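Step one of this worksheet: look at the structure below.
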Amino acid sequence: MVIRNALEKDFVKVAELYRSFFSTHNIFQKSKQEVVKYLGEQAQENDLLIYDENGTLKGALFLVNFGQNADGSHKLWKFRHFAFESEDVASQLLGEAEKRVKKASKTSKIELTIAETEGEIHFYKSKGYTQEGALSNHYRWGETCYILSKSISK
């Protein structure tokens, strides 16, 4: 098992994982070619971490830094498009992402937005994430999106 930054050659496998994991996601229900193009564009700006087990992709997430204070000692992060085959894979991938966030600044806040249809809220809460809010009709009409977060310091 290895957790690493995705390479361009990994994008087709990531697209397949995302298309199966996010069954109602606006982006990942497009054609595989459109999803691969989107992944390439996003990977130019943000780290795409993957969990690779002997050439089989078991999990992935984008690590997105979207803000910081004036001196860079406090940063804001999002884990976007976090998909995984099992909670064990998710725990290891989450641990690596949090480790990278912790190295980046003295303090950090990580935010996640999880649609209720994704159903992994219990997993994040078991890892120390708290629910800060709920948004009705956010991604899709009649669906709630939960805002979860975790604060980290060195």
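In the structure tokens, chains take letters A, B, ... by order of appearance, with residues numbered from 1 within each chain and ligands from 1 in the order shown.
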Might you pull out every residue within 8 Å of Glu85 (chain A), with only C-alpha atoms counted and same-chain residues fewer than 2 positions away left off, and present them as an MDAnalysis selection string?
-> chainID A and resid 58:59 83 87 89:90
Expected file: the selected residues, N, CA, C and O atoms, as a tab-separated table (two decimals), in the first residue's frame:
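The resulting part01.tsv:
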chain	number	residue	atom	x	y	z
A	58	LYS	N	-7.72	2.39	-4.39
A	58	LYS	CA	-8.71	2.10	-3.35
A	58	LYS	C	-9.31	3.36	-2.73
A	58	LYS	O	-10.29	3.28	-2.01
A	59	GLY	N	-8.69	4.54	-2.98
A	59	GLY	CA	-9.20	5.78	-2.41
A	59	GLY	C	-8.51	6.98	-3.02
A	59	GLY	O	-7.42	6.85	-3.59
A	83	ALA	N	-13.13	9.84	-1.69
A	83	ALA	CA	-13.78	8.57	-2.00
A	83	ALA	C	-12.89	7.42	-1.55
A	83	ALA	O	-11.66	7.51	-1.64
A	87	GLU	N	-13.44	1.74	5.26
A	87	GLU	CA	-13.07	2.70	6.31
A	87	GLU	C	-11.59	2.59	6.66
A	87	GLU	O	-10.99	3.57	7.07
A	89	VAL	N	-9.13	2.03	4.47
A	89	VAL	CA	-8.50	2.86	3.43
A	89	VAL	C	-8.72	4.34	3.75
A	89	VAL	O	-7.80	5.15	3.69
A	90	ALA	N	-9.95	4.68	4.10
A	90	ALA	CA	-10.29	6.07	4.41
A	90	ALA	C	-9.46	6.59	5.58
A	90	ALA	O	-8.96	7.72	5.54
Find the nearest atom pair between each residue of region 68-146 of chain A and region 19-36 of chain A for residues within 10 Å, count only C-alpha atoms, give distances in Å to one decimal, sort rows by chain and ascending number, and present the table as JSON lines.
{"residue": "A:His81", "atom": "CA", "partner": "A:Phe22", "partner_atom": "CA", "distance": 8.5}
{"residue": "A:Phe82", "atom": "CA", "partner": "A:Phe21", "partner_atom": "CA", "distance": 9.2}
{"residue": "A:Ala83", "atom": "CA", "partner": "A:Phe21", "partner_atom": "CA", "distance": 6.2}
{"residue": "A:Phe84", "atom": "CA", "partner": "A:Phe21", "partner_atom": "CA", "distance": 7.5}
{"residue": "A:Glu85", "atom": "CA", "partner": "A:Phe21", "partner_atom": "CA", "distance": 8.3}
{"residue": "A:Ala115", "atom": "CA", "partner": "A:His25", "partner_atom": "CA", "distance": 9.3}
{"residue": "A:Thr117", "atom": "CA", "partner": "A:Thr24", "partner_atom": "CA", "distance": 8.0}
{"residue": "A:Glu118", "atom": "CA", "partner": "A:Phe22", "partner_atom": "CA", "distance": 7.2}
{"residue": "A:Tyr139", "atom": "CA", "partner": "A:Asn26", "partner_atom": "CA", "distance": 8.4}
{"residue": "A:Arg140", "atom": "CA", "partner": "A:Thr24", "partner_atom": "CA", "distance": 9.1}
Please produce an output containing N, CA and C atoms for each residue in the selection, written as a short mmCIF file (atom, residue, chain, number, x, y, z; two decimals), in the first residue's frame.
data_model
loop_
_atom_site.label_atom_id
_atom_site.label_comp_id
_atom_site.auth_asym_id
_atom_site.auth_seq_id
_atom_site.Cartn_x
_atom_site.Cartn_y
_atom_site.Cartn_z
N HIS A 81 -13.84 15.77 -2.71
CA HIS A 81 -14.00 14.53 -3.48
C HIS A 81 -13.27 13.36 -2.80
N PHE A 82 -13.56 13.14 -1.53
CA PHE A 82 -12.94 12.07 -0.76
C PHE A 82 -13.73 10.79 -0.99
N ALA A 83 -13.13 9.84 -1.69
CA ALA A 83 -13.78 8.57 -2.00
C ALA A 83 -12.89 7.42 -1.55
N PHE A 84 -13.51 6.34 -1.09
CA PHE A 84 -12.73 5.22 -0.57
C PHE A 84 -13.55 3.94 -0.61
N GLU A 85 -12.83 2.81 -0.66
CA GLU A 85 -13.49 1.50 -0.73
C GLU A 85 -13.83 0.93 0.64
N ALA A 115 -22.64 15.60 1.28
CA ALA A 115 -24.08 15.47 0.98
C ALA A 115 -24.63 14.30 1.78
N THR A 117 -26.52 12.05 0.98
CA THR A 117 -26.55 10.80 0.21
C THR A 117 -25.20 10.08 0.23
N GLU A 118 -24.13 10.77 0.62
CA GLU A 118 -22.83 10.13 0.69
C GLU A 118 -22.73 9.20 1.90
N TYR A 139 -26.61 21.05 -2.85
CA TYR A 139 -26.15 20.46 -4.12
C TYR A 139 -27.32 20.06 -5.01
N ARG A 140 -28.36 19.55 -4.37
CA ARG A 140 -29.56 19.12 -5.10
C ARG A 140 -30.79 19.47 -4.26
#
Report the residues of chain A whose backbone DSSP state falls under strand (DSSP E or B), written as an MDAnalysis selection string.
-> chainID A and resid 2:5 47:53 56:68 74:84 107:115 130:136 144:153
For Ala97 (chain A), list every protein, DNA or RNA residue within 12 Å, evaluated using only C-alpha atoms, and leave out those in the same chain fewer than 5 positions away; present the list as a VMD selection string.
-> chain A and resid 3 to 5 47 to 51 60 to 65 77 to 80 82 90 to 92 102 to 104 110 152
Write a file of the selected residues as a tab-separated table (two decimals), in the first residue's frame, keeping N, CA, C and O atoms.
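Result file is out-v4.tsv:
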chain	number	residue	atom	x	y	z
A	3	ILE	N	0.40	5.65	-0.32
A	3	ILE	CA	-0.40	6.85	-0.51
A	3	ILE	C	0.53	7.87	-1.16
A	3	ILE	O	1.61	8.15	-0.63
A	4	ARG	N	0.11	8.37	-2.32
A	4	ARG	CA	0.99	9.26	-3.08
A	4	ARG	C	0.15	10.25	-3.87
A	4	ARG	O	-1.06	10.10	-3.99
A	5	ASN	N	0.84	11.24	-4.44
A	5	ASN	CA	0.17	12.15	-5.36
A	5	ASN	C	-0.12	11.41	-6.66
A	5	ASN	O	0.72	10.64	-7.13
A	47	ASP	N	-3.29	19.16	-4.72
A	47	ASP	CA	-2.77	17.79	-4.65
A	47	ASP	C	-3.91	16.80	-4.71
A	47	ASP	O	-4.90	16.92	-3.96
A	48	LEU	N	-3.79	15.81	-5.56
A	48	LEU	CA	-4.73	14.70	-5.63
A	48	LEU	C	-4.02	13.50	-5.03
A	48	LEU	O	-3.08	12.95	-5.63
A	49	LEU	N	-4.39	13.14	-3.82
A	49	LEU	CA	-3.79	11.99	-3.13
A	49	LEU	C	-4.55	10.73	-3.49
A	49	LEU	O	-5.79	10.74	-3.52
A	50	ILE	N	-3.81	9.65	-3.72
A	50	ILE	CA	-4.46	8.37	-3.98
A	50	ILE	C	-3.89	7.29	-3.07
A	50	ILE	O	-2.73	7.35	-2.66
A	51	TYR	N	-4.72	6.32	-2.78
A	51	TYR	CA	-4.34	5.13	-2.04
A	51	TYR	C	-4.20	4.03	-3.08
A	51	TYR	O	-5.18	3.61	-3.69
A	60	ALA	N	-9.15	8.13	-2.91
A	60	ALA	CA	-8.58	9.36	-3.45
A	60	ALA	C	-9.23	10.57	-2.80
A	60	ALA	O	-10.38	10.49	-2.33
A	61	LEU	N	-8.50	11.68	-2.78
A	61	LEU	CA	-9.05	12.96	-2.33
A	61	LEU	C	-8.18	14.09	-2.83
A	61	LEU	O	-6.99	13.92	-3.04
A	62	PHE	N	-8.81	15.24	-3.02
A	62	PHE	CA	-8.09	16.47	-3.34
A	62	PHE	C	-7.83	17.22	-2.04
A	62	PHE	O	-8.74	17.39	-1.21
A	63	LEU	N	-6.61	17.67	-1.88
A	63	LEU	CA	-6.19	18.47	-0.75
A	63	LEU	C	-6.11	19.92	-1.24
A	63	LEU	O	-5.24	20.26	-2.04
A	64	VAL	N	-7.05	20.76	-0.77
A	64	VAL	CA	-7.20	22.12	-1.30
A	64	VAL	C	-6.94	23.15	-0.20
A	64	VAL	O	-7.65	23.18	0.80
A	65	ASN	N	-5.92	23.99	-0.41
A	65	ASN	CA	-5.67	25.11	0.48
A	65	ASN	C	-6.42	26.31	-0.10
A	65	ASN	O	-6.13	26.74	-1.21
A	77	TRP	N	-8.21	24.63	4.85
A	77	TRP	CA	-8.12	23.51	3.91
A	77	TRP	C	-9.48	22.89	3.68
A	77	TRP	O	-10.34	22.92	4.55
A	78	LYS	N	-9.62	22.29	2.52
A	78	LYS	CA	-10.77	21.44	2.22
A	78	LYS	C	-10.25	20.11	1.71
A	78	LYS	O	-9.27	20.08	0.96
A	79	PHE	N	-10.89	19.05	2.14
A	79	PHE	CA	-10.67	17.74	1.53
A	79	PHE	C	-11.86	17.56	0.60
A	79	PHE	O	-12.99	17.43	1.04
A	80	ARG	N	-11.60	17.62	-0.68
A	80	ARG	CA	-12.66	17.60	-1.67
A	80	ARG	C	-12.65	16.26	-2.41
A	80	ARG	O	-11.60	15.71	-2.70
A	82	PHE	N	-13.56	13.14	-1.53
A	82	PHE	CA	-12.94	12.07	-0.76
A	82	PHE	C	-13.73	10.79	-0.99
A	82	PHE	O	-14.87	10.66	-0.55
A	90	ALA	N	-9.95	4.68	4.10
A	90	ALA	CA	-10.29	6.07	4.41
A	90	ALA	C	-9.46	6.59	5.58
A	90	ALA	O	-8.96	7.72	5.54
A	91	SER	N	-9.30	5.78	6.62
A	91	SER	CA	-8.53	6.20	7.80
A	91	SER	C	-7.08	6.49	7.43
A	91	SER	O	-6.51	7.49	7.89
A	92	GLN	N	-6.49	5.64	6.62
A	92	GLN	CA	-5.09	5.84	6.24
A	92	GLN	C	-4.93	7.06	5.33
A	92	GLN	O	-4.00	7.84	5.49
A	102	LYS	N	-0.88	19.44	8.65
A	102	LYS	CA	-0.18	19.81	9.88
A	102	LYS	C	1.22	20.37	9.59
A	102	LYS	O	1.68	21.30	10.24
A	103	LYS	N	1.90	19.82	8.59
A	103	LYS	CA	3.24	20.30	8.22
A	103	LYS	C	3.21	21.68	7.58
A	103	LYS	O	4.21	22.39	7.59
A	104	ALA	N	2.09	22.07	7.01
A	104	ALA	CA	2.01	23.29	6.20
A	104	ALA	C	1.95	24.58	7.00
A	104	ALA	O	2.27	25.64	6.46
A	110	ILE	N	-9.61	22.32	8.78
A	110	ILE	CA	-10.02	21.51	7.64
A	110	ILE	C	-11.54	21.53	7.59
A	110	ILE	O	-12.20	21.34	8.62
A	152	ILE	N	-6.52	21.79	13.68
A	152	ILE	CA	-5.26	21.07	13.94
A	152	ILE	C	-4.19	22.10	14.31
A	152	ILE	O	-4.10	23.16	13.69
Once DSSP has gone over the backbone, tell me which residues of region 31-128 of chain A are in helix (DSSP H, G or I), as a PyMOL selection string.
-> chain A and resi 32-45+87-104+116-118+121-126
Output N, CA and C atoms of each residue in that selection to a file, as a CSV table (one decimal), in the first residue's frame.
chain,number,residue,atom,x,y,z
A,32,LYS,N,-16.6,9.6,-18.9
A,32,LYS,CA,-15.3,9.4,-18.3
A,32,LYS,C,-14.3,10.4,-18.8
A,33,GLN,N,-14.4,10.7,-20.1
A,33,GLN,CA,-13.4,11.7,-20.7
A,33,GLN,C,-13.6,13.1,-20.1
A,34,GLU,N,-14.8,13.5,-19.8
A,34,GLU,CA,-15.0,14.8,-19.1
A,34,GLU,C,-14.5,14.8,-17.7
A,35,VAL,N,-14.7,13.7,-17.0
A,35,VAL,CA,-14.2,13.5,-15.7
A,35,VAL,C,-12.7,13.6,-15.6
A,36,VAL,N,-12.1,12.8,-16.5
A,36,VAL,CA,-10.6,12.8,-16.6
A,36,VAL,C,-10.1,14.2,-16.9
A,37,LYS,N,-10.7,15.0,-17.8
A,37,LYS,CA,-10.3,16.3,-18.1
A,37,LYS,C,-10.4,17.2,-16.8
A,38,TYR,N,-11.6,17.1,-16.1
A,38,TYR,CA,-11.8,17.8,-14.8
A,38,TYR,C,-10.7,17.5,-13.8
A,39,LEU,N,-10.4,16.2,-13.7
A,39,LEU,CA,-9.3,15.8,-12.7
A,39,LEU,C,-8.0,16.4,-13.0
A,40,GLY,N,-7.6,16.4,-14.3
A,40,GLY,CA,-6.4,17.0,-14.8
A,40,GLY,C,-6.3,18.5,-14.4
A,41,GLU,N,-7.4,19.2,-14.7
A,41,GLU,CA,-7.5,20.6,-14.4
A,41,GLU,C,-7.3,20.9,-12.9
A,42,GLN,N,-8.0,20.1,-12.1
A,42,GLN,CA,-8.0,20.3,-10.6
A,42,GLN,C,-6.6,19.9,-10.0
A,43,ALA,N,-6.0,18.9,-10.6
A,43,ALA,CA,-4.7,18.4,-10.1
A,43,ALA,C,-3.6,19.4,-10.4
A,44,GLN,N,-3.8,20.3,-11.4
A,44,GLN,CA,-2.8,21.4,-11.6
A,44,GLN,C,-2.8,22.4,-10.5
A,45,GLU,N,-3.9,22.5,-9.8
A,45,GLU,CA,-4.0,23.5,-8.7
A,45,GLU,C,-3.9,22.9,-7.3
A,87,GLU,N,-13.4,1.7,5.3
A,87,GLU,CA,-13.1,2.7,6.3
A,87,GLU,C,-11.6,2.6,6.7
A,88,ASP,N,-11.0,1.4,6.5
A,88,ASP,CA,-9.6,1.3,6.7
A,88,ASP,C,-8.8,2.1,5.7
A,89,VAL,N,-9.1,2.0,4.5
A,89,VAL,CA,-8.5,2.9,3.4
A,89,VAL,C,-8.7,4.3,3.7
A,90,ALA,N,-10.0,4.7,4.1
A,90,ALA,CA,-10.3,6.1,4.4
A,90,ALA,C,-9.5,6.6,5.6
A,91,SER,N,-9.3,5.8,6.6
A,91,SER,CA,-8.5,6.2,7.8
A,91,SER,C,-7.1,6.5,7.4
A,92,GLN,N,-6.5,5.6,6.6
A,92,GLN,CA,-5.1,5.8,6.2
A,92,GLN,C,-4.9,7.1,5.3
A,93,LEU,N,-5.8,7.2,4.4
A,93,LEU,CA,-5.8,8.4,3.5
A,93,LEU,C,-6.0,9.7,4.2
A,94,LEU,N,-7.0,9.7,5.1
A,94,LEU,CA,-7.3,10.8,6.0
A,94,LEU,C,-6.1,11.2,6.8
A,95,GLY,N,-5.4,10.2,7.4
A,95,GLY,CA,-4.3,10.4,8.3
A,95,GLY,C,-3.1,11.1,7.5
A,96,GLU,N,-2.9,10.6,6.2
A,96,GLU,CA,-1.8,11.2,5.4
A,96,GLU,C,-2.2,12.6,5.0
A,97,ALA,N,-3.4,12.9,4.7
A,97,ALA,CA,-3.9,14.2,4.3
A,97,ALA,C,-3.7,15.2,5.5
A,98,GLU,N,-4.1,14.7,6.7
A,98,GLU,CA,-4.0,15.6,7.9
A,98,GLU,C,-2.5,15.8,8.3
A,99,LYS,N,-1.7,14.8,8.0
A,99,LYS,CA,-0.3,15.0,8.3
A,99,LYS,C,0.3,16.1,7.4
A,100,ARG,N,-0.1,16.1,6.1
A,100,ARG,CA,0.4,17.1,5.2
A,100,ARG,C,-0.1,18.5,5.6
A,101,VAL,N,-1.4,18.6,6.0
A,101,VAL,CA,-1.9,19.8,6.5
A,101,VAL,C,-1.2,20.3,7.7
A,102,LYS,N,-0.9,19.4,8.7
A,102,LYS,CA,-0.2,19.8,9.9
A,102,LYS,C,1.2,20.4,9.6
A,103,LYS,N,1.9,19.8,8.6
A,103,LYS,CA,3.2,20.3,8.2
A,103,LYS,C,3.2,21.7,7.6
A,104,ALA,N,2.1,22.1,7.0
A,104,ALA,CA,2.0,23.3,6.2
A,104,ALA,C,1.9,24.6,7.0
A,116,GLU,N,-25.9,14.4,2.2
A,116,GLU,CA,-26.5,13.4,3.0
A,116,GLU,C,-26.5,12.0,2.3
A,117,THR,N,-26.5,12.0,1.0
A,117,THR,CA,-26.5,10.8,0.2
A,117,THR,C,-25.2,10.1,0.2
A,118,GLU,N,-24.1,10.8,0.6
A,118,GLU,CA,-22.8,10.1,0.7
A,118,GLU,C,-22.7,9.2,1.9
A,121,ILE,N,-20.9,10.4,7.2
A,121,ILE,CA,-20.7,11.4,8.2
A,121,ILE,C,-20.2,10.7,9.5
A,122,HIS,N,-20.7,9.6,9.8
A,122,HIS,CA,-20.3,8.9,11.1
A,122,HIS,C,-18.8,8.6,11.1
A,123,PHE,N,-18.3,8.3,9.9
A,123,PHE,CA,-16.8,8.0,9.8
A,123,PHE,C,-16.0,9.3,10.2
A,124,TYR,N,-16.4,10.4,9.6
A,124,TYR,CA,-15.6,11.7,9.9
A,124,TYR,C,-15.8,12.1,11.4
A,125,LYS,N,-17.0,11.9,11.9
A,125,LYS,CA,-17.2,12.2,13.3
A,125,LYS,C,-16.3,11.3,14.2
A,126,SER,N,-16.2,10.1,13.9
A,126,SER,CA,-15.3,9.2,14.6
A,126,SER,C,-13.9,9.6,14.6
Two-atom distance - CA of Thr130 (chain A), CA of Ala70 (chain A) (Å) |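 Separation of CA of Thr130 (chain A) and CA of Ala70 (chain A): 26.2 Å.
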